[in-house]
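Participant: The following file, upload-v3.txt, comprises compact mmCIF, C-alpha atoms and all ligand atoms:
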# COMPACT_ATOMS: atom_id res chain seq x y z
CA MET A 1 56.72 121.63 157.92
CA SER A 2 54.44 118.64 158.26
CA ASP A 3 53.73 115.95 160.86
CA THR A 4 55.38 112.88 159.41
CA ILE A 5 55.69 109.20 160.21
CA THR A 6 57.96 106.74 158.44
CA VAL A 7 56.79 103.27 157.42
CA GLU A 8 59.08 101.75 160.05
CA ALA A 9 57.72 104.02 162.80
CA LEU A 10 54.16 103.20 161.71
CA HIS A 11 54.93 99.49 161.93
CA ARG A 12 56.31 100.02 165.45
CA LEU A 13 53.20 101.96 166.41
CA VAL A 14 50.94 99.19 165.09
CA ALA A 15 53.03 96.62 166.97
CA GLY A 16 52.39 98.62 170.12
CA TRP A 17 48.63 98.70 169.53
CA LEU A 18 48.60 94.95 168.87
CA GLY A 19 50.80 94.38 171.92
CA GLU A 20 48.30 96.10 174.18
CA GLY A 21 45.54 93.86 172.80
CA ARG A 22 43.89 96.39 170.51
CA ALA A 23 42.51 94.98 167.26
CA VAL A 24 43.95 96.68 164.17
CA ILE A 25 42.05 96.17 160.92
CA GLY A 26 43.69 96.90 157.61
CA PRO A 27 43.93 95.81 153.98
CA VAL A 28 45.82 92.52 153.64
CA ASN A 29 46.80 90.74 150.43
CA LEU A 30 45.42 87.21 150.68
CA SER A 31 46.69 86.35 147.21
CA PRO A 32 48.18 88.34 144.32
CA LYS A 33 44.67 89.31 143.22
CA ILE A 34 42.69 89.35 146.45
CA CYS A 35 42.99 92.01 149.11
CA ARG A 36 40.60 92.18 152.06
CA TYR A 37 40.21 94.34 155.15
CA ARG A 38 40.74 92.05 158.11
CA PRO A 39 42.33 92.10 161.58
CA LEU A 40 46.12 92.27 161.26
CA SER A 41 48.18 89.53 162.84
CA ASN A 42 51.38 91.54 162.43
CA PRO A 43 52.17 95.14 161.42
CA GLU A 44 53.98 94.27 158.20
CA GLU A 45 50.97 92.67 156.53
CA VAL A 46 49.04 95.96 156.19
CA VAL A 47 49.08 97.07 152.55
CA LEU A 48 50.26 100.68 152.22
CA GLY A 49 50.54 100.77 148.43
CA PRO A 50 49.63 103.64 146.12
CA PHE A 51 46.16 102.19 145.45
CA ILE A 52 44.22 99.43 147.15
CA ARG A 53 40.86 97.92 146.31
CA PRO A 54 39.91 95.44 149.03
CA ARG A 55 37.13 93.04 148.07
CA ASN A 56 35.13 94.06 151.14
CA SER A 57 34.46 97.42 152.74
CA VAL A 58 35.06 98.67 156.28
CA LYS A 59 31.32 98.78 156.98
CA GLU A 60 31.38 95.19 158.29
CA PHE A 61 33.45 96.30 161.29
CA PHE A 62 30.69 98.73 162.30
CA PHE A 63 27.65 96.94 160.85
CA PRO A 64 28.51 93.22 160.83
CA GLN A 65 27.14 90.85 158.22
CA HIS A 66 25.63 88.70 160.98
CA GLU A 67 24.86 90.07 164.42
CA GLU A 68 22.92 88.89 167.45
CA LEU A 69 20.47 91.51 168.74
CA PHE A 70 19.46 89.50 171.81
CA ARG A 71 19.27 85.92 173.05
CA TYR A 72 16.15 84.28 174.47
CA ARG A 73 15.52 81.28 176.65
CA THR A 74 12.15 79.83 177.66
CA THR A 75 11.47 78.04 180.90
CA GLY A 76 7.87 76.91 181.20
CA GLN A 77 5.77 80.02 180.58
CA THR A 78 8.70 82.39 181.21
CA ILE A 79 10.90 83.92 178.55
CA GLN A 80 14.24 85.39 179.55
CA LEU A 81 15.90 87.93 177.28
CA GLU A 82 19.59 88.74 177.24
CA GLU A 83 20.54 91.94 175.41
CA ALA A 84 23.59 91.98 173.12
CA SER A 85 26.66 93.47 174.73
CA THR A 86 27.57 97.02 173.81
CA ASP A 87 30.95 96.62 175.47
CA ILE A 88 33.07 96.89 172.32
CA PRO A 89 36.87 96.98 172.88
CA PRO A 90 38.75 99.86 171.20
CA PHE A 91 40.01 99.09 167.70
CA VAL A 92 41.80 100.86 164.87
CA VAL A 93 40.96 100.73 161.18
CA LEU A 94 44.23 101.49 159.41
CA ALA A 95 44.85 102.41 155.77
CA ALA A 96 41.18 102.47 154.84
CA ARG A 97 40.33 103.98 151.49
CA PRO A 98 38.90 107.49 151.88
CA CYS A 99 35.82 106.38 149.89
CA ASP A 100 35.23 103.64 152.47
CA ALA A 101 35.49 106.05 155.39
CA ALA A 102 33.20 108.54 153.62
CA ALA A 103 30.40 105.98 153.86
CA LEU A 104 30.41 106.00 157.66
CA PRO A 105 28.72 109.41 158.11
CA MET A 106 26.05 108.15 155.69
CA LEU A 107 25.50 105.03 157.79
CA ASP A 108 25.39 107.27 160.88
CA HIS A 109 22.23 108.91 159.50
CA VAL A 110 20.52 105.53 159.59
CA PHE A 111 21.98 103.76 162.62
CA ALA A 112 23.04 106.60 164.93
CA GLU A 113 20.58 109.42 164.27
CA GLU A 114 17.24 108.32 162.87
CA ASP A 115 16.72 105.28 165.09
CA PRO A 116 19.82 104.92 167.29
CA ASP A 117 21.23 101.41 167.33
CA PRO A 118 23.25 100.76 170.53
CA THR A 119 25.76 98.28 169.11
CA TYR A 120 26.41 100.34 165.97
CA ILE A 121 26.99 103.42 168.11
CA ALA A 122 29.25 101.44 170.46
CA ARG A 123 31.33 100.28 167.49
CA ARG A 124 31.56 103.80 166.06
CA ASN A 125 32.71 105.08 169.45
CA ALA A 126 35.24 102.25 169.87
CA GLY A 127 36.77 102.54 166.41
CA VAL A 128 39.35 105.02 165.13
CA VAL A 129 39.50 105.31 161.36
CA VAL A 130 42.86 106.12 159.76
CA THR A 131 42.63 106.45 156.00
CA LEU A 132 45.38 106.28 153.40
CA ALA A 133 45.03 108.88 150.65
CA CYS A 134 44.97 107.25 147.23
CA ALA A 135 48.07 108.02 145.17
CA GLU A 136 46.51 106.33 142.13
CA HIS A 137 43.05 105.25 141.00
CA ASP A 138 41.66 102.55 138.77
CA ARG A 139 39.04 102.59 136.00
CA ASP A 140 36.14 101.94 138.38
CA CYS A 141 36.77 104.95 140.64
CA PHE A 142 34.52 108.00 140.44
CA CYS A 143 34.71 109.55 143.92
CA THR A 144 35.23 113.04 142.50
CA VAL A 145 31.84 112.85 140.78
CA MET A 146 30.35 112.39 144.24
CA HIS A 147 32.20 115.49 145.55
CA PHE A 148 34.69 113.36 147.46
CA GLY A 149 38.30 112.78 146.42
CA PRO A 150 41.48 110.71 146.89
CA ASP A 151 42.29 112.65 150.09
CA SER A 152 38.76 113.45 151.17
CA GLU A 153 38.54 113.62 154.95
CA ALA A 154 34.86 112.58 155.38
CA GLY A 155 34.59 109.83 157.98
CA SER A 156 38.32 109.81 158.74
CA ASP A 157 39.73 110.47 162.20
CA ALA A 158 43.20 110.77 160.70
CA MET A 159 44.79 110.31 157.30
CA LEU A 160 48.15 109.18 155.96
CA VAL A 161 49.29 110.88 152.76
CA THR A 162 52.31 109.47 150.95
CA ARG A 163 55.20 111.93 150.62
CA SER A 164 57.71 111.85 147.82
CA ASP A 165 60.38 110.67 150.33
CA GLY A 166 58.29 107.54 151.07
CA ALA A 167 57.16 108.61 154.55
CA PHE A 168 53.58 109.66 155.35
CA GLU A 169 52.21 113.06 156.20
CA VAL A 170 49.81 112.58 159.12
CA ARG A 171 46.63 114.66 159.09
CA SER A 172 44.35 114.54 162.12
CA PHE A 173 40.71 115.54 161.80
CA THR A 174 39.24 114.52 165.16
CA GLU A 175 40.35 114.26 168.78
CA LYS A 176 40.46 110.47 168.43
CA GLY A 177 42.74 110.74 165.43
CA ALA A 178 45.01 113.29 167.09
CA ALA A 179 45.26 111.17 170.25
CA LEU A 180 46.25 108.11 168.25
CA PHE A 181 49.29 109.83 166.75
CA ALA A 182 50.16 112.17 169.64
CA GLY A 183 53.92 112.04 170.22
CA GLN A 184 54.37 109.51 167.40
CA THR A 185 55.20 111.86 164.52
CA GLU A 186 58.19 114.00 163.66
CA SER A 187 58.11 117.45 162.12
CA ARG A 188 59.72 117.32 158.67
CA GLU A 189 60.01 119.75 155.85
CA ALA A 190 56.93 119.65 153.64
CA MET A 191 57.44 118.07 150.23
CA PRO A 192 55.30 116.98 147.26
CA LEU A 193 52.56 114.51 148.12
CA LYS A 194 51.33 111.58 146.05
CA ILE A 195 47.61 112.13 145.52
CA ALA A 196 45.65 110.69 142.59
CA ASP A 197 44.34 112.94 139.83
CA LYS A 198 40.68 113.73 139.41
CA MET A 199 39.42 110.61 137.64
CA VAL A 200 36.19 111.74 135.95
CA GLU A 201 35.55 115.24 134.67
CA GLY A 202 32.52 116.98 133.22
CA TYR A 203 30.01 114.75 135.00
CA THR A 204 28.38 115.42 138.34
CA VAL A 205 26.14 113.81 140.89
CA GLU A 206 23.65 116.62 140.23
CA GLN A 207 23.18 115.25 136.69
CA ILE A 208 22.52 111.79 138.10
CA ARG A 209 19.97 113.15 140.54
CA GLU A 210 18.19 115.09 137.82
CA PHE A 211 17.84 111.94 135.74
CA MET A 212 16.51 109.97 138.70
CA GLU A 213 13.95 112.65 139.53
CA ASN A 214 12.59 112.87 135.99
CA ASN A 215 12.84 109.30 134.74
CA PHE A 216 11.37 106.88 137.23
CA GLU A 217 9.62 105.39 134.21
CA HIS A 218 12.12 105.05 131.35
CA PRO A 219 12.91 102.18 128.97
CA VAL A 220 16.59 102.41 129.92
CA TRP A 221 15.89 100.59 133.19
CA GLU A 222 15.16 97.45 131.15
CA THR A 223 18.42 97.65 129.19
CA VAL A 224 20.52 98.62 132.21
CA SER A 225 19.41 95.61 134.16
CA ALA A 226 19.37 93.06 131.36
CA PRO A 227 22.67 91.36 132.37
CA CYS A 228 22.00 91.51 136.15
CA LEU A 229 22.07 88.13 137.92
CA GLY A 230 20.52 89.40 141.14
CA CYS A 231 23.50 88.04 143.12
CA GLY A 232 23.81 91.00 145.52
CA ALA A 233 27.62 91.26 145.24
CA CYS A 234 27.21 94.97 144.48
CA ALA A 235 25.39 95.59 147.75
CA TYR A 236 27.56 93.33 149.91
CA THR A 237 30.79 95.01 148.80
CA CYS A 238 29.30 98.51 148.85
CA PRO A 239 30.40 100.60 151.84
CA THR A 240 27.02 102.37 152.00
CA CYS A 241 24.41 99.64 151.30
CA HIS A 242 22.81 98.72 154.60
CA CYS A 243 19.69 96.63 154.00
CA PHE A 244 19.19 93.88 156.56
CA ASP A 245 16.76 91.18 157.56
CA ILE A 246 15.91 90.11 161.11
CA VAL A 247 15.24 86.44 161.87
CA ASP A 248 15.04 84.19 164.91
CA GLU A 249 17.61 81.41 164.99
CA GLY A 250 16.85 78.72 167.53
CA ASN A 251 13.85 76.76 168.72
CA ALA A 252 11.12 77.03 171.33
CA ALA A 253 13.61 76.45 174.15
CA GLY A 254 16.02 79.22 173.20
CA GLY A 255 18.04 80.94 170.56
CA ALA A 256 18.83 84.38 169.26
CA ARG A 257 17.25 87.12 167.23
CA VAL A 258 19.81 88.06 164.62
CA ARG A 259 20.32 90.72 161.98
CA ASN A 260 21.78 89.62 158.64
CA TRP A 261 22.73 91.69 155.62
CA ASP A 262 20.16 91.64 152.85
CA SER A 263 20.02 93.24 149.40
CA CYS A 264 17.38 94.95 147.33
CA GLN A 265 18.79 92.94 144.41
CA PHE A 266 17.50 89.65 145.81
CA CYS A 267 14.20 88.47 144.29
CA MET A 268 12.69 87.74 147.74
CA PHE A 269 13.64 91.10 149.23
CA THR A 270 10.19 92.68 148.85
CA ALA A 271 8.13 89.47 148.57
CA HIS A 272 4.96 89.71 150.68
CA ALA A 273 3.50 86.80 152.64
CA SER A 274 0.53 86.96 150.23
CA GLY A 275 2.87 86.07 147.36
CA HIS A 276 2.65 89.57 145.86
CA ASN A 277 6.00 91.17 145.10
CA PRO A 278 5.93 94.91 144.28
CA ARG A 279 9.43 94.65 142.78
CA SER A 280 8.98 91.42 140.92
CA THR A 281 11.53 91.99 138.14
CA GLN A 282 15.26 92.71 138.08
CA PRO A 283 14.71 96.02 136.22
CA ASN A 284 12.49 97.13 139.13
CA ARG A 285 15.20 96.13 141.58
CA GLN A 286 18.06 97.82 139.70
CA ARG A 287 15.99 101.00 139.43
CA GLN A 288 15.35 100.83 143.17
CA ARG A 289 19.07 100.62 143.99
CA LEU A 290 19.94 103.69 141.94
CA GLN A 291 16.83 105.67 142.86
CA HIS A 292 17.50 105.03 146.53
CA LYS A 293 21.12 106.11 146.30
CA PHE A 294 20.65 109.24 144.20
CA ARG A 295 17.11 110.46 144.94
CA MET A 296 15.39 108.89 147.95
CA PHE A 297 18.28 108.95 150.43
CA PRO A 298 19.26 112.53 149.45
CA ASP A 299 15.62 113.60 149.81
CA LYS A 300 15.63 112.27 153.36
CA PHE A 301 19.16 112.99 154.59
CA GLY A 302 20.56 115.61 152.22
CA THR A 303 23.37 113.41 150.93
CA SER A 304 23.71 110.74 148.27
CA LEU A 305 24.17 107.15 149.36
CA CYS A 306 27.26 106.55 147.24
CA THR A 307 30.90 107.55 147.63
CA GLY A 308 31.99 106.65 144.09
CA CYS A 309 34.25 103.87 145.32
CA GLY A 310 33.48 101.67 142.31
CA ASN A 311 33.23 98.42 144.27
CA CYS A 312 29.83 97.60 142.79
CA THR A 313 31.24 97.70 139.26
CA HIS A 314 34.54 96.06 140.16
CA ASN A 315 32.91 93.12 141.95
CA CYS A 316 29.91 92.58 139.69
CA PRO A 317 30.26 89.27 137.80
CA VAL A 318 28.71 90.84 134.68
CA GLY A 319 30.40 94.25 134.95
CA LEU A 320 27.34 96.26 135.99
CA GLY A 321 27.26 98.46 139.10
CA VAL A 322 26.59 102.17 139.36
CA LEU A 323 29.28 103.43 136.98
CA THR A 324 28.30 101.06 134.15
CA SER A 325 24.64 101.85 134.72
CA LEU A 326 25.32 105.58 134.49
CA ARG A 327 27.16 105.06 131.22
CA GLU A 328 24.23 103.04 129.87
CA ILE A 329 21.82 105.77 130.95
CA SER A 330 24.01 108.40 129.24
CA ARG A 331 24.03 106.40 126.00
CA ALA A 332 20.27 105.92 126.10
CA THR A 333 19.53 109.56 126.82
CA GLY A 334 22.23 111.09 124.62
CA THR A 335 23.86 112.88 127.54
CA GLN A 336 27.51 113.06 128.54
CA SER A 337 28.91 109.84 129.93
CA PRO A 338 31.10 109.52 133.06
CA GLU A 339 34.21 108.23 131.27
CA ASN A 340 37.09 107.48 133.57
CA LYS A 341 40.46 108.83 132.45
CA THR A 342 42.35 105.65 133.41
S1 LIG B 1 24.40 94.42 139.46
FE1 LIG B 1 25.97 92.80 139.32
S2 LIG B 1 26.64 92.48 141.45
FE2 LIG B 1 24.66 93.57 141.54
S3 LIG B 1 23.10 91.97 141.70
FE3 LIG B 1 23.33 92.41 139.50
S4 LIG B 1 24.85 90.91 138.78
FE4 LIG B 1 25.03 90.94 141.03
S1 LIG B 2 27.01 102.29 145.01
FE1 LIG B 2 28.88 101.40 144.12
S2 LIG B 2 30.25 103.14 143.81
FE2 LIG B 2 28.61 103.84 145.20
S3 LIG B 2 29.45 103.51 147.28
FE3 LIG B 2 28.29 101.64 146.73
S4 LIG B 2 29.81 100.24 145.80
FE4 LIG B 2 30.73 102.31 145.86
Transcribe the structure of this file into structure tokens.

Facilitator:
Amino acid sequence: MSDTITVEALHRLVAGWLGEGRAVIGPVNLSPKICRYRPLSNPEEVVLGPFIRPRNSVKEFFFPQHEELFRYRTTGQTIQLEEASTDIPPFVVLAARPCDAAALPMLDHVFAEEDPDPTYIARRNAGVVVTLACAEHDRDCFCTVMHFGPDSEAGSDAMLVTRSDGAFEVRSFTEKGAALFAGQTESREAMPLKIADKMVEGYTVEQIREFMENNFEHPVWETVSAPCLGCGACAYTCPTCHCFDIVDEGNAAGGARVRNWDSCQFCMFTAHASGHNPRSTQPNRQRQRLQHKFRMFPDKFGTSLCTGCGNCTHNCPVGLGVLTSLREISRATGTQSPENKT
């Protein structure tokens, strides 16, 4: 037997959450080719298809692209500071990809453990993450290389898995997830589930890490980065990239100190006030992105900074991103390439 919810019952449940004023964020088709995570205006617009690839990631609902840290106001010689509110209303993220949710424990290392950030922690506490197991995958997916999978539970409070009768099996992993669906499911006979196949075989994150450790200096970094435009789309659509810049917006009388997303792919990212830039070329910057994800972050936190979601390749205007880079590295070094079976 399995805890089950039909599509109709799920829609009714979402209508109830919306009715009580709770924000529900989910994938929404904005056009035939563009899907984005955004707050739902009605239950029916959430996409519950076999495979979704929103253009953004769920990280922006926990780590916003633009965020006020505090406001300031000057009166004569006095400066008044007003802290940002940590009063975040409860919200639900529904039908997130498991590879999006898997990024949240990685972000927790940075924003909740190493140097706790009150608004990030408030958002994590306020949000419940319900993932939708992928029934299919596309050619840019490689989550299984990263030891995740189409129904990986990392970062999920609960998960919906599509059954062969069209309803969803509901799996709860945390108290928050269980509470969300308490009394809302029915016990039905278990039946086959629609879960995507393993998409890349014979290639592991351990191989990637070994290359990064032994080849900080390697001519392949030049060829890998040759097409890169330095646009930052890879980082902005990546669920794990979390670089930011802090600036003051305002004038002498008042304003706000704000945190904006940044990217190691931007040419000004490491520019010093002296004019010196230690990463002055795009090859340096591409190497940094991969070295950080597969060597530096694991050295510090014991986990890679990549879930294998494929967004960086899918959204890159010149088809680069991690997966393409790994293939280029494999070609250059004569090692096995991570070829996707799709
Ligand atoms: S790898 Fe692609 S998405 Fe990333 S900065 Fe370069 S061109 Fe832009
Ligand atoms: S580096 Fe690329 S594949 Fe890895 S999590 Fe970020 S966007 Fe996804």

Participant: As a short mmCIF file (atom, residue, chain, number, x, y, z; two decimals) with C-alpha atoms, in the frame of the given file, please: every protein or nucleic acid residue near ligand LIG 2 (chain B) (cut-off 7 Å, counting all atoms listed in the file).

Facilitator:
data_model
loop_
_atom_site.label_atom_id
_atom_site.label_comp_id
_atom_site.auth_asym_id
_atom_site.auth_seq_id
_atom_site.Cartn_x
_atom_site.Cartn_y
_atom_site.Cartn_z
CA CYS A 234 27.21 94.97 144.48
CA ALA A 235 25.39 95.59 147.75
CA THR A 237 30.79 95.01 148.80
CA CYS A 238 29.30 98.51 148.85
CA PRO A 239 30.40 100.60 151.84
CA THR A 240 27.02 102.37 152.00
CA CYS A 241 24.41 99.64 151.30
CA LEU A 305 24.17 107.15 149.36
CA CYS A 306 27.26 106.55 147.24
CA THR A 307 30.90 107.55 147.63
CA GLY A 308 31.99 106.65 144.09
CA CYS A 309 34.25 103.87 145.32
CA GLY A 310 33.48 101.67 142.31
CA ASN A 311 33.23 98.42 144.27
CA CYS A 312 29.83 97.60 142.79
CA THR A 313 31.24 97.70 139.26
CA GLY A 321 27.26 98.46 139.10
CA VAL A 322 26.59 102.17 139.36
CA LEU A 323 29.28 103.43 136.98
#

Participant: Could you give me, as a tab-separated table, every chain A residue with an atom at most 6 Å from ligand LIG 1 (chain B), plus its closest atom pair and distance in Å to one decimal, counting all atoms listed in the file, rows ordered by chain then number?

Facilitator:
residue	atom	partner	partner_atom	distance
A:Cys228	CA	B:LIG1	FE3	3.7
A:Leu229	CA	B:LIG1	S4	4.0
A:Gly230	CA	B:LIG1	S3	3.7
A:Cys231	CA	B:LIG1	FE4	3.9
A:Gly232	CA	B:LIG1	S3	4.0
A:Ala233	CA	B:LIG1	S2	4.1
A:Cys234	CA	B:LIG1	S2	4.0
A:Gln265	CA	B:LIG1	S3	5.2
A:Cys316	CA	B:LIG1	S2	3.7
A:Pro317	CA	B:LIG1	S4	5.7
A:Val318	CA	B:LIG1	S4	5.6
A:Leu320	CA	B:LIG1	S1	4.9
A:Gly321	CA	B:LIG1	S1	5.0

Participant: Put those residues in a file: C-alpha atoms, as a PDB file, in the coordinates of the input.

Facilitator:
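The resulting file, part_1.pdb, is reproduced below:
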ATOM      1  CA  CYS A 228      22.000  91.510 136.150  1.00  0.00           C
ATOM      2  CA  LEU A 229      22.070  88.130 137.920  1.00  0.00           C
ATOM      3  CA  GLY A 230      20.520  89.400 141.140  1.00  0.00           C
ATOM      4  CA  CYS A 231      23.500  88.040 143.120  1.00  0.00           C
ATOM      5  CA  GLY A 232      23.810  91.000 145.520  1.00  0.00           C
ATOM      6  CA  ALA A 233      27.620  91.260 145.240  1.00  0.00           C
ATOM      7  CA  CYS A 234      27.210  94.970 144.480  1.00  0.00           C
ATOM      8  CA  GLN A 265      18.790  92.940 144.410  1.00  0.00           C
ATOM      9  CA  CYS A 316      29.910  92.580 139.690  1.00  0.00           C
ATOM     10  CA  PRO A 317      30.260  89.270 137.800  1.00  0.00           C
ATOM     11  CA  VAL A 318      28.710  90.840 134.680  1.00  0.00           C
ATOM     12  CA  LEU A 320      27.340  96.260 135.990  1.00  0.00           C
ATOM     13  CA  GLY A 321      27.260  98.460 139.100  1.00  0.00           C
TER      14      GLY A 321
END

Participant: Any idea what's packed within 12 Å of Leu160 (chain A), counting all atoms listed in the file, ignoring anything in its chain fewer than 5 positions away? Could you give it as a ChimeraX atom specification?

Facilitator: /A:2-7,10,48-50,94-98,129-135,150-153,166-173,177,181,185,193-195

Participant: Would you tabulate, counting all atoms listed in the file, all residues of region 144-257 of chain A that have an atom at most 10 Å from an atom of region 64-70 of chain A, showing the closest pair of atoms and their distance in Å to one decimal, sorted by chain then ascending number, as a tab-separated table?

Facilitator:
residue	atom	partner	partner_atom	distance
A:Tyr236	CA	A:Gln65	CA	8.7
A:His242	CA	A:Gln65	CA	9.7
A:Phe244	CA	A:Gln65	CA	8.7
A:Asp245	CA	A:His66	CA	9.8
A:Ile246	CA	A:Leu69	CA	9.0
A:Val247	CA	A:Glu68	CA	9.8
A:Asp248	CA	A:Glu68	CA	9.5
A:Glu249	CA	A:Glu68	CA	9.5
A:Gly255	CA	A:Phe70	CA	8.8
A:Ala256	CA	A:Phe70	CA	5.8
A:Arg257	CA	A:Phe70	CA	5.6

Participant: Rank A:Phe148, A:Phe91, A:Phe111, A:Trp221 by their smallest atom-to-atom distance to Val14 (chain A), using only C-alpha atoms, and report the top residue only.

Facilitator: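 Nearest candidate to Val14 (chain A) out of A:Phe148, A:Phe91, A:Phe111, A:Trp221: A:Phe91.
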
Participant: Go through A:Thr270, A:Ser156, A:Ser325, A:Gln80 and flag the residue nearest Ala178 (chain A), using only C-alpha atoms for the distances.

Facilitator: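 Using only C-alpha atoms, Ala178 (chain A) sits closest to A:Ser156.
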
Participant: For CA of Arg12 (chain A) and CA of Met159 (chain A), determine how far apart the two atoms are, in Å to one decimal place.

Facilitator: 17.5 Å

Participant: Report, in Å with one decimal, the straight-line distance from CA of Pro105 (chain A) to CA of Pro90 (chain A).

Facilitator: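 CA of Pro90 (chain A) lies 19.1 Å from CA of Pro105 (chain A).
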
Participant: Closest to Ile79 (chain A) among A:Ala154, A:Val161, A:Thr324, A:Ala252, using all atoms listed in the file?

Facilitator: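 Ranking A:Ala154, A:Val161, A:Thr324, A:Ala252 by distance to Ile79 (chain A), first place goes to A:Ala252.
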
Participant: From the set A:Asn284, A:Ser57, A:Thr223, A:Ser164, which residue has the shortest atom-to-atom contact distance to Pro27 (chain A), counting only C-alpha atoms?

Facilitator: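 Smallest distance to Pro27 (chain A) is found for A:Ser57.
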
Participant: Do a neighbour search on Thr333 (chain A) at 10 Å with all atoms listed in the file, toss out local chain neighbours closer than 4 positions, and write the hits as a PyMOL selection string.

Facilitator: chain A and resi 211+218+220+327-329+337

Participant: Between A:Glu136, A:Glu186, A:Asp157, A:Glu210, single out the one closest to Phe51 (chain A), counting all atoms listed in the file.

Facilitator: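 Between A:Glu136, A:Glu186, A:Asp157, A:Glu210, the residue approaching Phe51 (chain A) most closely is A:Glu136.
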
Participant: May I ask which of the residues A:Lys176, A:Arg209, A:Arg287, A:His109 is the closest one to Lys300 (chain A), counting all atoms listed in the file?

Facilitator: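 Result for the nearest residue to Lys300 (chain A): A:His109.
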
Participant: Could you tell me how far CA of Arg38 (chain A) sits from CA of Thr162 (chain A), in Å to one decimal place?

Facilitator: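 CA of Arg38 (chain A) lies at a distance of 22.1 Å from CA of Thr162 (chain A).
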
Participant: Axis-aligned box over every listed atom of region 35-45 of chain A, padded by 8 Å per side: centre and edges in Å to one decimal, as lines of an AutoDock Vina configuration file?

Facilitator:
center_x = 47.1
center_y = 92.3
center_z = 156.0
size_x = 29.8
size_y = 21.6
size_z = 29.7
